[in-house]
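Asks: Please read through the structure below; I'll follow up with questions.
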Amino acid sequence: MYLYNSASHKKEEFVPNHPDIVKMYTCGPTVYHFAHIGNLRSYIMEDVLEKYLRYQGYNVKRVMNITDVGHLSSDADTGEDKMLKGAKREHKTVMEIAQYYTDAFFSDCKKLNIKRPDVVEPATNCIAEYIDIVSKLLEKGFAYEAGGNVYFDTSKLDQYYVFNDHDEEDLAVGVREGVEEDTSKRNKNDFVLWFTKSKFEDQALKWDSPWGVGYPGWHIECSGISMKHLGEDLDLHCGGIDNAFPHHTNEIAQSEAYLGHHWCNYWFHVHHLNTNTGKMSKSKGEFLTVSLLEEKGYDPLAYRLFCLQSHYRRSLVFSWENLDNAVTTYQKLINKIAALDDSDKTVDQAQFDALKEKFNHALSNDLNTSLAITAVYDVLKAKTNDGTKLALLGDFDKVLSLDLLEKAAAKRAEQAKTKTATTGGYTIQGEGDPAIDALVLQRAEAKKAKNFAEADRIRDELKAQGVEIIDVPGGAQWKRV
Ligand SMILES: [Zn+2]
């Protein structure tokens with residue numbers, strides 16, 4: 001498989017360090033609020049990546065952190081404490097907030113068919129690991145104490161801007177507008193490893209450390225959690241593109257300084273989900289969550305399909321109209337699969353292999369999910385038997401996770417319930433209940449005789465029985481609602 005590596009700025013063949021395992025790390029959510037669907041785009045694409053690696057036969061161990069402490073509202077160690085902000089807003093303790101939004105996050109993931117990583121570790125579980133790393137960084141001269149905090153000294157590195165497509169001046173802390181410069185720092189990009197001098201007097205979570213009572217910086221948690229569960233090397237590190245700087249840059253700085261060798265081989269970054277007015281955020285415009293999609297009647301898997309239709313390294317523009325288009329595509333796809341004969345169990349192996357090759361070709365080229373969806377249509381259009389098609393679609397769905405066969409089976413079951421009765425050229429489609437059919441026919445006759453009051457009365461009577469009628473050319477359809 002070829003993957004674009006943000007660290008080298010090119011597509012590279014993916015070769016894991018150890019033949020028996022792929023070590024994969026994902027930056028998890030900061031659990032002070034619901035995730036918006038822009039955050040979830042990253043997790044959907046990372047899920048596809050993990051599943052595709054497994055599909056190719058790799059044994060993957062994936063670890064994710066849960067940021068339940070220490071992430072300030074600016075990525076650069078300044079601003080408010082996000083967890084504390086959430087707790088104050090909802091009159092709960094910080095840990096109650098963390099638990100509530102962790103559960104909400106995984107509930108959203110489940111609705112989007114995002115697999116839970118093998119290890120999910122809250123940051124507050126690994127304080128000893130962070131203290132160990134910070135102690136060693138101080139010992140090795142990569143860190144210093146100043147103004148009550150411990151900082152990483154970026155001037156000690158040969159190279160700091162590893163993702164150097166970023167412009168140093170644009171991103172340097174202290175020159176960003178509205179960010180107050182921390183005068184304890186020796187260099188503008190130094191970052192906090194351990195806070196003892198909290199700006200927040202009511203900081204709820206604090207731990208003892210060799211440098212006084214305090215709490216870890218945000219970046220250190222991912223290095224600590226990754227090394228705790230995956231050891232001293234990492235194949236693949238994932239996150240949203242806004243994590244590249246400063247978060248991932250700082251993770252590399254501290255991890256490699258601590259280990260004394262190269263740490264992670266491939267960096268996978270998912271680009272933004274934008275709205276028509278710019279980057280999606282919690283504070284701007286409508287707060288788009290999975291629950292909101294459901295309230296508006298959208299199947300969360302239609303959103304998953306919407307994400308799969310575009311490449312993870314392109315910004316994607318969300319609008320309700322674009323989502324409606326994905327819903328239509330999804331429904332048509334399910335209808336086509338439902339029309340296949342599921343009693344056909346024979347598989348033409350040569351056809352199966354040829355069509356699977358197209359799917360593999362798409363995903364092994366930097367996870368081209370939109371071409372993988374095209375491969376699904378190629379299966380539907382192929383001149384082969386339905387058994388082969390269904391076997392392929394089930395196989396592809398191990399990666400796509402769109403519930404293609406399950407939804408098609410539900411559609412078939414719904415269609416099987418529909419029975420048609422024709423009386424005097426008038427066709428009634430329903431569940432084959434003669435009493436209901438008779439009322440539907442009476443209503444049609446009332447309408448024909450222009451007795452609309454009677455027609456409405458019958459409609460209401462059916463409604464009272466939980467039956468809804470839809471007039472269609474040449475007849476009517478009814479269903480229980
Ligand atoms: Zn991280």
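Letters A, B, ... mark the chains of the structure tokens in the order given; residue numbers begin at 1 per chain; ligand numbers begin at 1, in order shown.
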Please report as JSON lines every residue of chain A lying within 10 Å of ligand 1, along with the nearest atom pair and their distance in Å (one decimal), using only C-alpha atoms and all ligand atoms.
Replies:
{"residue": "A:Tyr25", "atom": "CA", "partner": "ligand 1", "partner_atom_place_in_ligand_line": "1 (Zn)", "distance": 8.5}
{"residue": "A:Thr26", "atom": "CA", "partner": "ligand 1", "partner_atom_place_in_ligand_line": "1 (Zn)", "distance": 6.9}
{"residue": "A:Cys27", "atom": "CA", "partner": "ligand 1", "partner_atom_place_in_ligand_line": "1 (Zn)", "distance": 4.0}
{"residue": "A:Gly28", "atom": "CA", "partner": "ligand 1", "partner_atom_place_in_ligand_line": "1 (Zn)", "distance": 6.8}
{"residue": "A:Pro29", "atom": "CA", "partner": "ligand 1", "partner_atom_place_in_ligand_line": "1 (Zn)", "distance": 9.0}
{"residue": "A:Thr30", "atom": "CA", "partner": "ligand 1", "partner_atom_place_in_ligand_line": "1 (Zn)", "distance": 10.0}
{"residue": "A:Met64", "atom": "CA", "partner": "ligand 1", "partner_atom_place_in_ligand_line": "1 (Zn)", "distance": 8.5}
{"residue": "A:Asn65", "atom": "CA", "partner": "ligand 1", "partner_atom_place_in_ligand_line": "1 (Zn)", "distance": 7.3}
{"residue": "A:Ile66", "atom": "CA", "partner": "ligand 1", "partner_atom_place_in_ligand_line": "1 (Zn)", "distance": 9.2}
{"residue": "A:Thr67", "atom": "CA", "partner": "ligand 1", "partner_atom_place_in_ligand_line": "1 (Zn)", "distance": 8.6}
{"residue": "A:Trp218", "atom": "CA", "partner": "ligand 1", "partner_atom_place_in_ligand_line": "1 (Zn)", "distance": 7.8}
{"residue": "A:His219", "atom": "CA", "partner": "ligand 1", "partner_atom_place_in_ligand_line": "1 (Zn)", "distance": 6.2}
{"residue": "A:Ile220", "atom": "CA", "partner": "ligand 1", "partner_atom_place_in_ligand_line": "1 (Zn)", "distance": 8.3}
{"residue": "A:Glu221", "atom": "CA", "partner": "ligand 1", "partner_atom_place_in_ligand_line": "1 (Zn)", "distance": 7.1}
{"residue": "A:Cys222", "atom": "CA", "partner": "ligand 1", "partner_atom_place_in_ligand_line": "1 (Zn)", "distance": 4.6}
{"residue": "A:Ser223", "atom": "CA", "partner": "ligand 1", "partner_atom_place_in_ligand_line": "1 (Zn)", "distance": 7.7}
{"residue": "A:Ile225", "atom": "CA", "partner": "ligand 1", "partner_atom_place_in_ligand_line": "1 (Zn)", "distance": 9.3}
{"residue": "A:Ser226", "atom": "CA", "partner": "ligand 1", "partner_atom_place_in_ligand_line": "1 (Zn)", "distance": 9.2}
{"residue": "A:His237", "atom": "CA", "partner": "ligand 1", "partner_atom_place_in_ligand_line": "1 (Zn)", "distance": 8.8}
{"residue": "A:Cys238", "atom": "CA", "partner": "ligand 1", "partner_atom_place_in_ligand_line": "1 (Zn)", "distance": 8.4}
{"residue": "A:Gly239", "atom": "CA", "partner": "ligand 1", "partner_atom_place_in_ligand_line": "1 (Zn)", "distance": 7.4}
{"residue": "A:Gly240", "atom": "CA", "partner": "ligand 1", "partner_atom_place_in_ligand_line": "1 (Zn)", "distance": 9.8}
{"residue": "A:Asn243", "atom": "CA", "partner": "ligand 1", "partner_atom_place_in_ligand_line": "1 (Zn)", "distance": 7.3}
{"residue": "A:Ala244", "atom": "CA", "partner": "ligand 1", "partner_atom_place_in_ligand_line": "1 (Zn)", "distance": 9.3}
{"residue": "A:His247", "atom": "CA", "partner": "ligand 1", "partner_atom_place_in_ligand_line": "1 (Zn)", "distance": 6.4}
{"residue": "A:His248", "atom": "CA", "partner": "ligand 1", "partner_atom_place_in_ligand_line": "1 (Zn)", "distance": 6.6}
{"residue": "A:Asn250", "atom": "CA", "partner": "ligand 1", "partner_atom_place_in_ligand_line": "1 (Zn)", "distance": 9.5}
{"residue": "A:Glu251", "atom": "CA", "partner": "ligand 1", "partner_atom_place_in_ligand_line": "1 (Zn)", "distance": 7.4}
Asks: Using only C-alpha atoms, which protein or nucleic acid residues come within 8 Å of A:Thr154? Drop anything in the same chain fewer than 6 positions from it, and give the result as a PyMOL selection string.
Replies: chain A and resi 142+160+187+189-190+253
Asks: Take the residues that were just selected and, keeping C-alpha atoms, output them as an mmCIF file, in the first residue's frame.
Replies:
data_model
loop_
_atom_site.group_PDB
_atom_site.id
_atom_site.type_symbol
_atom_site.label_atom_id
_atom_site.label_comp_id
_atom_site.auth_asym_id
_atom_site.auth_seq_id
_atom_site.Cartn_x
_atom_site.Cartn_y
_atom_site.Cartn_z
ATOM 1 C CA PHE A 142 16.232 18.962 26.501
ATOM 2 C CA TYR A 160 12.103 21.260 14.820
ATOM 3 C CA ASN A 187 12.575 30.205 22.625
ATOM 4 C CA ASN A 189 8.374 27.530 20.164
ATOM 5 C CA ASP A 190 9.256 25.994 23.511
ATOM 6 C CA ALA A 253 10.422 16.670 19.433
#
Asks: Write out as a ChimeraX atom specification each polymer residue whose atoms come within 9 Å of A:Ile373, counting only C-alpha atoms; drop sequence neighbours fewer than 6 positions from it.
Replies: /A:305,308-309,359,400
Asks: Let's see if you can do this: from backbone DSSP, list all strand (DSSP E or B) residues in stretch 223-446 of chain A, as a ChimeraX atom specification.
Replies: /A:234-240,264-270,273-275,278-279,316-317,365,419-423,426-430
Asks: Between atom CA of A:Lys197 and atom CA of A:Tyr161, measure the distance and give it in Å to one decimal.
Replies: 27.9 Å
Asks: Identify, on the basis of only C-alpha atoms, every residue whose closest approach to stretch 57-59 of chain A does not exceed 8 Å; exclude the query and any residue fewer than 3 positions from it along the same chain; express the result as a PyMOL selection string.
Replies: chain A and resi 20-22+53-54
Asks: Sorted by chain and rising residue number, list the residues of stretch 216-314 of chain A at most 9 Å from stretch 326-340 of chain A (counting only C-alpha atoms), each with its closest atom pair and distance in Å to one decimal, as JSON lines.
Replies:
{"residue": "A:Tyr298", "atom": "CA", "partner": "A:Val327", "partner_atom": "CA", "distance": 7.8}
{"residue": "A:Asp299", "atom": "CA", "partner": "A:Val327", "partner_atom": "CA", "distance": 8.0}
{"residue": "A:Leu301", "atom": "CA", "partner": "A:Tyr330", "partner_atom": "CA", "distance": 8.6}
{"residue": "A:Ala302", "atom": "CA", "partner": "A:Val327", "partner_atom": "CA", "distance": 5.4}
{"residue": "A:Tyr303", "atom": "CA", "partner": "A:Ala326", "partner_atom": "CA", "distance": 7.3}
{"residue": "A:Leu305", "atom": "CA", "partner": "A:Ala326", "partner_atom": "CA", "distance": 6.7}
{"residue": "A:Phe306", "atom": "CA", "partner": "A:Ala326", "partner_atom": "CA", "distance": 5.4}
{"residue": "A:Gln309", "atom": "CA", "partner": "A:Ala326", "partner_atom": "CA", "distance": 8.5}
Asks: Write a file of the selected residues as a short mmCIF file (atom, residue, chain, number, x, y, z; two decimals), in the first residue's frame, keeping N, CA and C atoms.
Replies:
data_model
loop_
_atom_site.label_atom_id
_atom_site.label_comp_id
_atom_site.auth_asym_id
_atom_site.auth_seq_id
_atom_site.Cartn_x
_atom_site.Cartn_y
_atom_site.Cartn_z
N TYR A 298 -31.56 12.33 9.13
CA TYR A 298 -30.50 11.73 8.32
C TYR A 298 -29.95 10.47 8.98
N ASP A 299 -29.68 9.48 8.16
CA ASP A 299 -28.99 8.28 8.61
C ASP A 299 -27.50 8.65 8.75
N LEU A 301 -25.00 6.96 8.53
CA LEU A 301 -24.17 6.30 7.52
C LEU A 301 -24.18 7.03 6.17
N ALA A 302 -25.20 7.86 5.94
CA ALA A 302 -25.19 8.69 4.73
C ALA A 302 -24.06 9.71 4.86
N TYR A 303 -23.81 10.18 6.09
CA TYR A 303 -22.68 11.11 6.31
C TYR A 303 -21.36 10.36 6.09
N LEU A 305 -20.87 7.90 4.04
CA LEU A 305 -20.71 7.81 2.59
C LEU A 305 -20.25 9.15 2.02
N PHE A 306 -20.85 10.24 2.51
CA PHE A 306 -20.46 11.59 2.06
C PHE A 306 -18.95 11.78 2.24
N GLN A 309 -16.83 9.69 -0.21
CA GLN A 309 -16.87 10.14 -1.61
C GLN A 309 -15.75 11.11 -1.96
#
Asks: Which is closer to A:Ile241 than all the others in A:Lys188, A:Arg313, A:Lys228, A:Lys296, using only C-alpha atoms?
Replies: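 So, comparing all the options, the nearest one is A:Arg313.
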